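K.L.:
Provided herewith is a single structure, encoded as structure tokens, for subsequent inquiry.
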Amino acid sequence: MRDPTRVAVLISGRGSNMKALVEQANGYEVVLVASNNPLAPGLAWARERAIPTWTWDSRGVEKSVWETALGQSLEDHGIGTIALAGFMRILSPEFTGQWSGRILNIHPSLLPKYRGLDTHNRAIEAGDTSSGCSVHVVTDELDAGDVLAQAEVPIVPGETAATLEARVLEAEHRLYPIALSDFVRP
């Protein structure tokens with residue numbers, strides 16, 4: 001039985017949500033940061049804090065080969081829960097099946113609205129009065145797993161995608177650590 005409190009965070013970029021998960025850890029420990037982008041700034045931040053990292057540039061690599069290598073690293077570190085945090089690669093149904101019920105993601109919309117990309121523009125263009133973020137269980141269908149927690153962010157007059165993104169990101173940094181903590185509790 002894998003210990004759900006041993007968490008791997010998967011990133012592709014700066015890792016701001018990963019940082020929030022590490023800094024606000026309560027009842028779990030981030031024991032691995034993994035990335036499909038060897039130049040992701042979040043990797044350097046994790047290394048500075050002595051958090052083990054794993055990376056392999058996924059461009060040009062067969063998905064099954066890349067995921068097998070990632071899976072081996074997760075096993076080697078005794079990972080029980082995976083937290084996607086700005087991880088910009090869609091995981092295969094085989095991978096999500098192997099980790100079924102043990103992968104979480106933070107998504108910048110109030111799911112089920114606006115699955116996928118460009119969520120902030122889509123919310124503004126639709127005339128929505130609020131947006132926000134959702135923590136959900138990852139399944140083989142994009143942004144479709146059970147929603148565990150949400151935080152609402154009002155859309156204000158004159159809002160741009162950039163300003164909304166910044167305010168939603170602040171909400172993500174508050175919501176994700178709490179949702180992950182609740183998720184791993186027995």
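Residues in the structure tokens are numbered from 1 in each chain, the chains being A, B, ... in the order shown, and ligands are numbered from 1 in the order shown.
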Just asking: which residues within chain A are strand (DSSP E) according to DSSP, as a PyMOL selection string?

P.N.:
chain A and resi 6-11+29-35+53-55+81-84+103-107+130-137+147-154

K.L.:
Can you tell me which residues surround Leu74 in chain A at a distance of at most 10 Å, considering only C-alpha atoms, apart from same-chain residues fewer than 2 positions away, and format the answer as an MDAnalysis selection string?

P.N.:
chainID A and resid 6:8 31:34 54 68:72 76:82

K.L.:
Each residue of range 89-178 of chain A lying at most 10 Å from range 16-21 of chain A should get a row with its shortest atom-to-atom pair and the distance in Å to one decimal, counting only C-alpha atoms; could you produce that, ordered by chain and increasing number, as CSV?

P.N.:
residue,atom,partner,partner_atom,distance
A:Ile106,CA,A:Asn17,CA,8.5
A:Leu169,CA,A:Asn17,CA,8.2
A:Glu170,CA,A:Asn17,CA,9.3
A:Glu172,CA,A:Asn17,CA,7.1
A:His173,CA,A:Ala20,CA,5.5
A:Arg174,CA,A:Ala20,CA,7.6
A:Leu175,CA,A:Ala20,CA,9.5
A:Tyr176,CA,A:Leu21,CA,7.0
A:Pro177,CA,A:Leu21,CA,5.0
A:Ile178,CA,A:Leu21,CA,8.8

K.L.:
Under the rule that only C-alpha atoms are counted, which of A:Asp146, A:Asp57, A:Asp118, A:Glu48 is the nearest residue to Arg102 in chain A?

P.N.:
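Going through A:Asp146, A:Asp57, A:Asp118, A:Glu48 one by one, the smallest distance to Arg102 in chain A is for A:Asp146.
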
K.L.:
Just give me the gap between CA of Val156 in chain A and CA of Ala85 in chain A in Å, one decimal is fine.

P.N.:
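According to the coordinates, CA of Val156 in chain A and CA of Ala85 in chain A are separated by 26.0 Å.
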